[in-house]
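Have a look at the structure below, then the notes.
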Amino acid sequence: MGLKSKDLLGIQVLSVEEIRLILDTAASMKEIASRDIKKVPALRGKTVINLFYEPSTRTRTSFEIAGKWLSADVINISTSSSSVVKGESLKDTGLTLQSMHPDVVVIRHAVPGAPHLLARLLKASIINAGDGAHEHPTQALLDLFTIRERRPALEGLRVAIVGDILHSRVARSNIFAMKKMGMQVRVCGPPTLLPRYVESLGVEKFLRVEQAIADTDVIMMLRIQRERMGAGLFPTLREYSKLFGLNVDRLKVARPDVLIMHPGPINRGVEIAPEVADGPYSMILDQVENGLAIRMALLYLLAGGQAANN
């Protein structure tokens with residue numbers, strides 16, 4: 001089987017079988033990173049365009065490397081040096097790119113729904129690399145992949161997501177993905193950073209970190225997204241860190257084999273202490289490495305590949 005849609009716009013439209021297909025394909029792709037020559041001809045002759053309206057290090061770089069390792073021609077477009085600065089609309093940018101016959105367009109945009117607009121307009125496959133505070137599906141998939149490497153049976157695992165839930169597209173996509181896979185999800189943060197509807201997503205809500213992380217298998221810390229919020233949501237960063245930051249002392253109530261994750265970029269000493277971020281239970285760099293495998297898998301599946309064993 002392959003993916004049902006030509007696009008990856010969000011997690012909710014994926015079936016459990018499709019998620020497993022992506023994870024299994026990523027597992028076969030990860031081996032490429034260990035080769036001396038990291039190149040396979042799977043997407044030779046295909047063109048991938050990375051269209052990023054917002055800053056990115058991990059997502060943009062991993063999509064670029066993923067495409068190149070699969071032998072695709074990869075074009076990176078930064079809106080600061082494109083016709084966007086001259087007032088060109090997203091629609092016209094998309095139609096212009098379509099005229100150049102790309103096979104995949106990877107887009108990050110500050111406005112929720114921007115990838116969905118392109119998907120309706122373009123014949124190319126569209127991958128949502130983050131749209132506002134809406135979704136970040138590839139991050140959720142790489143997080144599942146990272147957890148599955150250490151905990152092969154996802155169903156029943158307990159996960160605590162801590163921090164700025166309100167503005168986090170990563171939190172939304174992870175909640176959708178984890179619930180689909182039968183995982184138990186807790187969320188924790190200041191009341192001002194927890195959406196009012198959050199419990200309707202099937203998660204437990206906590207206001208104290210110690211209660212949220214007790215007896216969990218995975219702790220996922222989130223960055224304070226100051227670029228998306230107004231003033232007054234919490235007193236100071238120091239106060240936030242004191243109440244919601246993950247440090248060594250707070251970690252004592254967690255399971256001794258807990259996995260600690262963060263989508264990055266991390267603010268050391270704010271949401272996570274340096275000794276925790278660099279500690280033995282940290283999976284943060286594993287997430288970055290696995291982002292390559294997941295994005296290779298998605299490019300392969302959307303641009304003409306089939307199952308993992310093909």
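Scheme for the structure tokens: letters A, B, ... for chains in order shown; per-chain residue numbers from 1; ligand numbers from 1 in order shown.
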Segment 153-222 of chain A residues near segment 124-142 of chain A within 9 Å, closest pair each, using only C-alpha atoms, as a tab-separated table:
```
residue	atom	partner	partner_atom	distance
A:Leu166	CA	A:Ala133	CA	8.0
A:His167	CA	A:Ala133	CA	5.2
A:Ser168	CA	A:Ala133	CA	5.5
A:Arg169	CA	A:Glu135	CA	4.3
A:Val170	CA	A:His136	CA	5.4
A:Ala171	CA	A:Glu135	CA	8.2
A:Arg172	CA	A:Glu135	CA	6.1
A:Ser173	CA	A:Glu135	CA	5.4
A:Asn174	CA	A:Ala140	CA	4.8
A:Ile175	CA	A:Ala140	CA	8.4
A:Phe176	CA	A:Ala140	CA	8.6
A:Ala177	CA	A:Ala140	CA	6.6
A:Met178	CA	A:Ala140	CA	8.4
```
Take the selection from the previous step and output its residues with N, CA and C atoms, as a compact mmCIF listing (two decimals), in the first residue's frame.
```txt
# COMPACT_ATOMS: atom_id res chain seq x y z
N LEU A 166 -0.75 26.13 24.12
CA LEU A 166 -1.67 26.99 23.39
C LEU A 166 -1.15 27.36 22.00
N HIS A 167 0.13 27.68 21.90
CA HIS A 167 0.69 28.17 20.64
C HIS A 167 1.47 27.10 19.89
N SER A 168 1.44 25.86 20.36
CA SER A 168 2.32 24.83 19.82
C SER A 168 1.65 23.96 18.77
N ARG A 169 2.09 24.09 17.52
CA ARG A 169 1.63 23.17 16.48
C ARG A 169 2.19 21.78 16.70
N VAL A 170 3.36 21.71 17.35
CA VAL A 170 3.95 20.41 17.67
C VAL A 170 3.06 19.65 18.65
N ALA A 171 2.57 20.36 19.66
CA ALA A 171 1.70 19.71 20.65
C ALA A 171 0.44 19.18 19.99
N ARG A 172 -0.19 19.97 19.14
CA ARG A 172 -1.43 19.54 18.48
C ARG A 172 -1.20 18.30 17.64
N SER A 173 -0.16 18.32 16.79
CA SER A 173 0.10 17.17 15.93
C SER A 173 0.47 15.94 16.74
N ASN A 174 1.24 16.12 17.81
CA ASN A 174 1.61 14.98 18.64
C ASN A 174 0.40 14.40 19.37
N ILE A 175 -0.47 15.25 19.85
CA ILE A 175 -1.68 14.75 20.51
C ILE A 175 -2.50 13.90 19.53
N PHE A 176 -2.70 14.43 18.31
CA PHE A 176 -3.46 13.69 17.31
C PHE A 176 -2.78 12.35 17.00
N ALA A 177 -1.46 12.37 16.80
CA ALA A 177 -0.73 11.16 16.42
C ALA A 177 -0.70 10.14 17.55
N MET A 178 -0.42 10.61 18.74
CA MET A 178 -0.28 9.70 19.88
C MET A 178 -1.62 9.07 20.24
```
Within 12 Å of Val258 of chain A, counting only C-alpha atoms, which residues show up once you throw out same-chain ones fewer than 6 positions away? Write them as an mmCIF file with N, CA, C and O atoms, in the first residue's frame, please.
```cif
data_model
loop_
_atom_site.group_PDB
_atom_site.id
_atom_site.type_symbol
_atom_site.label_atom_id
_atom_site.label_comp_id
_atom_site.auth_asym_id
_atom_site.auth_seq_id
_atom_site.Cartn_x
_atom_site.Cartn_y
_atom_site.Cartn_z
ATOM 1 N N ILE A 147 10.283 7.519 19.673
ATOM 2 C CA ILE A 147 9.762 6.748 20.807
ATOM 3 C C ILE A 147 9.732 5.269 20.469
ATOM 4 O O ILE A 147 10.120 4.424 21.283
ATOM 5 N N ARG A 150 12.801 3.064 21.028
ATOM 6 C CA ARG A 150 13.093 2.659 22.407
ATOM 7 C C ARG A 150 11.951 1.887 23.042
ATOM 8 O O ARG A 150 12.169 1.093 23.956
ATOM 9 N N ARG A 151 10.730 2.156 22.591
ATOM 10 C CA ARG A 151 9.541 1.497 23.136
ATOM 11 C C ARG A 151 8.711 0.987 21.955
ATOM 12 O O ARG A 151 7.777 1.657 21.509
ATOM 13 N N LEU A 157 1.488 3.578 26.156
ATOM 14 C CA LEU A 157 2.546 4.417 26.721
ATOM 15 C C LEU A 157 1.955 5.725 27.232
ATOM 16 O O LEU A 157 1.024 6.284 26.656
ATOM 17 N N ARG A 158 2.528 6.221 28.325
ATOM 18 C CA ARG A 158 2.067 7.473 28.929
ATOM 19 C C ARG A 158 3.055 8.591 28.589
ATOM 20 O O ARG A 158 4.255 8.452 28.823
ATOM 21 N N VAL A 159 2.506 9.685 28.064
ATOM 22 C CA VAL A 159 3.326 10.808 27.619
ATOM 23 C C VAL A 159 2.837 12.087 28.291
ATOM 24 O O VAL A 159 1.631 12.343 28.338
ATOM 25 N N ALA A 160 3.780 12.883 28.787
ATOM 26 C CA ALA A 160 3.460 14.201 29.328
ATOM 27 C C ALA A 160 4.053 15.267 28.414
ATOM 28 O O ALA A 160 5.262 15.256 28.148
ATOM 29 N N ILE A 213 4.297 14.517 35.186
ATOM 30 C CA ILE A 213 5.368 13.630 34.724
ATOM 31 C C ILE A 213 5.506 12.363 35.560
ATOM 32 O O ILE A 213 6.257 11.451 35.179
ATOM 33 N N ALA A 214 4.794 12.275 36.663
ATOM 34 C CA ALA A 214 4.891 11.092 37.523
ATOM 35 C C ALA A 214 4.438 9.848 36.754
ATOM 36 O O ALA A 214 3.366 9.832 36.151
ATOM 37 N N ASP A 215 5.291 8.829 36.750
ATOM 38 C CA ASP A 215 4.966 7.529 36.156
ATOM 39 C C ASP A 215 4.674 7.616 34.659
ATOM 40 O O ASP A 215 3.888 6.835 34.131
ATOM 41 N N THR A 216 5.317 8.558 33.960
ATOM 42 C CA THR A 216 5.167 8.630 32.507
ATOM 43 C C THR A 216 6.366 7.970 31.829
ATOM 44 O O THR A 216 7.458 7.895 32.385
ATOM 45 N N ASP A 217 6.144 7.512 30.613
ATOM 46 C CA ASP A 217 7.213 6.894 29.830
ATOM 47 C C ASP A 217 8.006 7.918 29.030
ATOM 48 O O ASP A 217 9.178 7.709 28.729
ATOM 49 N N VAL A 218 7.334 9.022 28.681
ATOM 50 C CA VAL A 218 7.953 10.047 27.846
ATOM 51 C C VAL A 218 7.575 11.423 28.397
ATOM 52 O O VAL A 218 6.413 11.654 28.748
ATOM 53 N N ILE A 219 8.561 12.314 28.471
ATOM 54 C CA ILE A 219 8.307 13.713 28.803
ATOM 55 C C ILE A 219 8.726 14.556 27.615
ATOM 56 O O ILE A 219 9.883 14.483 27.173
ATOM 57 N N MET A 220 7.794 15.329 27.072
ATOM 58 C CA MET A 220 8.099 16.215 25.956
ATOM 59 C C MET A 220 7.978 17.665 26.416
ATOM 60 O O MET A 220 6.888 18.125 26.758
ATOM 61 N N LEU A 251 12.926 15.967 38.052
ATOM 62 C CA LEU A 251 12.945 14.717 37.311
ATOM 63 C C LEU A 251 12.925 13.491 38.228
ATOM 64 O O LEU A 251 12.640 12.380 37.785
ATOM 65 N N LYS A 252 13.175 13.694 39.513
ATOM 66 C CA LYS A 252 13.234 12.579 40.451
ATOM 67 C C LYS A 252 11.894 11.852 40.591
ATOM 68 O O LYS A 252 11.863 10.682 40.972
ATOM 69 N N VAL A 276 19.775 18.334 32.016
ATOM 70 C CA VAL A 276 18.711 17.417 31.583
ATOM 71 C C VAL A 276 18.735 17.272 30.062
ATOM 72 O O VAL A 276 18.621 16.165 29.520
ATOM 73 N N GLY A 279 21.552 15.091 29.278
ATOM 74 C CA GLY A 279 21.643 13.935 30.151
ATOM 75 C C GLY A 279 21.418 12.612 29.450
ATOM 76 O O GLY A 279 21.116 12.553 28.254
ATOM 77 N N PRO A 280 21.525 11.522 30.196
ATOM 78 C CA PRO A 280 21.457 10.175 29.605
ATOM 79 C C PRO A 280 20.082 9.792 29.068
ATOM 80 O O PRO A 280 19.978 8.858 28.268
ATOM 81 N N TYR A 281 19.030 10.466 29.506
ATOM 82 C CA TYR A 281 17.681 10.111 29.059
ATOM 83 C C TYR A 281 17.188 11.012 27.924
ATOM 84 O O TYR A 281 16.081 10.850 27.438
ATOM 85 N N SER A 282 18.027 11.974 27.532
ATOM 86 C CA SER A 282 17.626 12.919 26.503
ATOM 87 C C SER A 282 17.622 12.280 25.124
ATOM 88 O O SER A 282 18.579 11.628 24.710
ATOM 89 N N MET A 283 16.528 12.486 24.393
ATOM 90 C CA MET A 283 16.381 11.972 23.032
ATOM 91 C C MET A 283 16.387 13.123 22.011
ATOM 92 O O MET A 283 15.999 12.934 20.856
#
```
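The residue that comes closest to Leu9 of chain A, out of A:Ile77, A:Leu117, A:Val84, A:Ile65 and on the basis of only C-alpha atoms, is A:Leu117.
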> Using only C-alpha atoms, which of A:Pro55, A:Gly67, A:Pro190, A:Gly163 sits nearest Leu43 of chain A?
Replying inline: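 Using only C-alpha atoms, Leu43 of chain A sits closest to A:Gly67.
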>> Rounded to one decimal, what separation in Å do you get between atom CA of Leu302 of chain A and atom CA of Leu70 of chain A?
In response: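 Those two atoms sit 12.7 Å apart.
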>> Could you pull out the helix (DSSP H, G or I) residues of segment 78-305 of chain A, going by DSSP on the backbone, and write them as number ranges by chain?
In response: A: 79-81, 83-86, 90-98, 114-121, 137-150, 169-180, 191-193, 198-201, 209-213, 226-228, 237-244, 250-253, 274-277, 284-302
>> For the structure I just gave you, how does DSSP split segment 56-297 of chain A - specifically, which residues are strand (DSSP E)? Reply as a PyMOL selection string.
In response: chain A and resi 73-78+104-109+125-131+158-162+184-188+204-206+218-221+259-261
>> Need to verify the contact set: Pro41 of chain A, 9 Å, only C-alpha atoms, exclusion of same-chain residues closer than 3 positions in sequence. Can you return it as a list of chain:residue names?
In response: A:Arg44, A:Gly45, A:Trp69, A:Leu70, A:Ser71, A:Ala72
For N, CA, C and O atoms, I'd like the residues from the last selection saved as a PDB file, in the first residue's frame.
```
ATOM      1  N   ARG A  44      15.649  10.135  -8.339  1.00  0.00           N
ATOM      2  CA  ARG A  44      16.383  10.765  -9.441  1.00  0.00           C
ATOM      3  C   ARG A  44      15.398  11.290 -10.480  1.00  0.00           C
ATOM      4  O   ARG A  44      14.457  10.612 -10.871  1.00  0.00           O
ATOM      5  N   GLY A  45      15.615  12.532 -10.888  1.00  0.00           N
ATOM      6  CA  GLY A  45      14.718  13.151 -11.855  1.00  0.00           C
ATOM      7  C   GLY A  45      13.538  13.883 -11.238  1.00  0.00           C
ATOM      8  O   GLY A  45      12.762  14.527 -11.946  1.00  0.00           O
ATOM      9  N   TRP A  69      19.862  13.139  -0.518  1.00  0.00           N
ATOM     10  CA  TRP A  69      20.267  11.742  -0.325  1.00  0.00           C
ATOM     11  C   TRP A  69      19.459  10.799  -1.209  1.00  0.00           C
ATOM     12  O   TRP A  69      19.928   9.734  -1.573  1.00  0.00           O
ATOM     13  N   LEU A  70      18.224  11.213  -1.564  1.00  0.00           N
ATOM     14  CA  LEU A  70      17.390  10.400  -2.453  1.00  0.00           C
ATOM     15  C   LEU A  70      17.604  10.755  -3.919  1.00  0.00           C
ATOM     16  O   LEU A  70      16.889  10.278  -4.789  1.00  0.00           O
ATOM     17  N   SER A  71      18.577  11.638  -4.178  1.00  0.00           N
ATOM     18  CA  SER A  71      18.978  12.041  -5.535  1.00  0.00           C
ATOM     19  C   SER A  71      17.983  12.965  -6.224  1.00  0.00           C
ATOM     20  O   SER A  71      18.007  13.102  -7.456  1.00  0.00           O
ATOM     21  N   ALA A  72      17.098  13.604  -5.462  1.00  0.00           N
ATOM     22  CA  ALA A  72      16.196  14.594  -6.055  1.00  0.00           C
ATOM     23  C   ALA A  72      16.943  15.914  -6.248  1.00  0.00           C
ATOM     24  O   ALA A  72      17.963  16.176  -5.604  1.00  0.00           O
TER      25      ALA A  72
END
```
> In terms of the shortest atom-to-atom distance over only C-alpha atoms, which of A:Arg250, A:Lys38, A:Lys242, A:Arg295 is closest to Glu64 of chain A?
Replying inline: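 Closest to Glu64 of chain A, using only C-alpha atoms: A:Arg295.
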>> With only C-alpha atoms as the counted atoms, please give the residues lying no more than 12 Å from Asp278 of chain A, apart from itself and same-chain residues fewer than 6 positions off, as an MDAnalysis selection string.
In response: chainID A and resid 247:248 260:262 266 268 272 284:286
>> I'd like to know which of A:Lys30, A:Leu299, A:Val13, A:Gly2 is closest to Phe145 of chain A, using only C-alpha atoms.
In response: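 Between A:Lys30, A:Leu299, A:Val13, A:Gly2, the residue approaching Phe145 of chain A most closely is A:Lys30.
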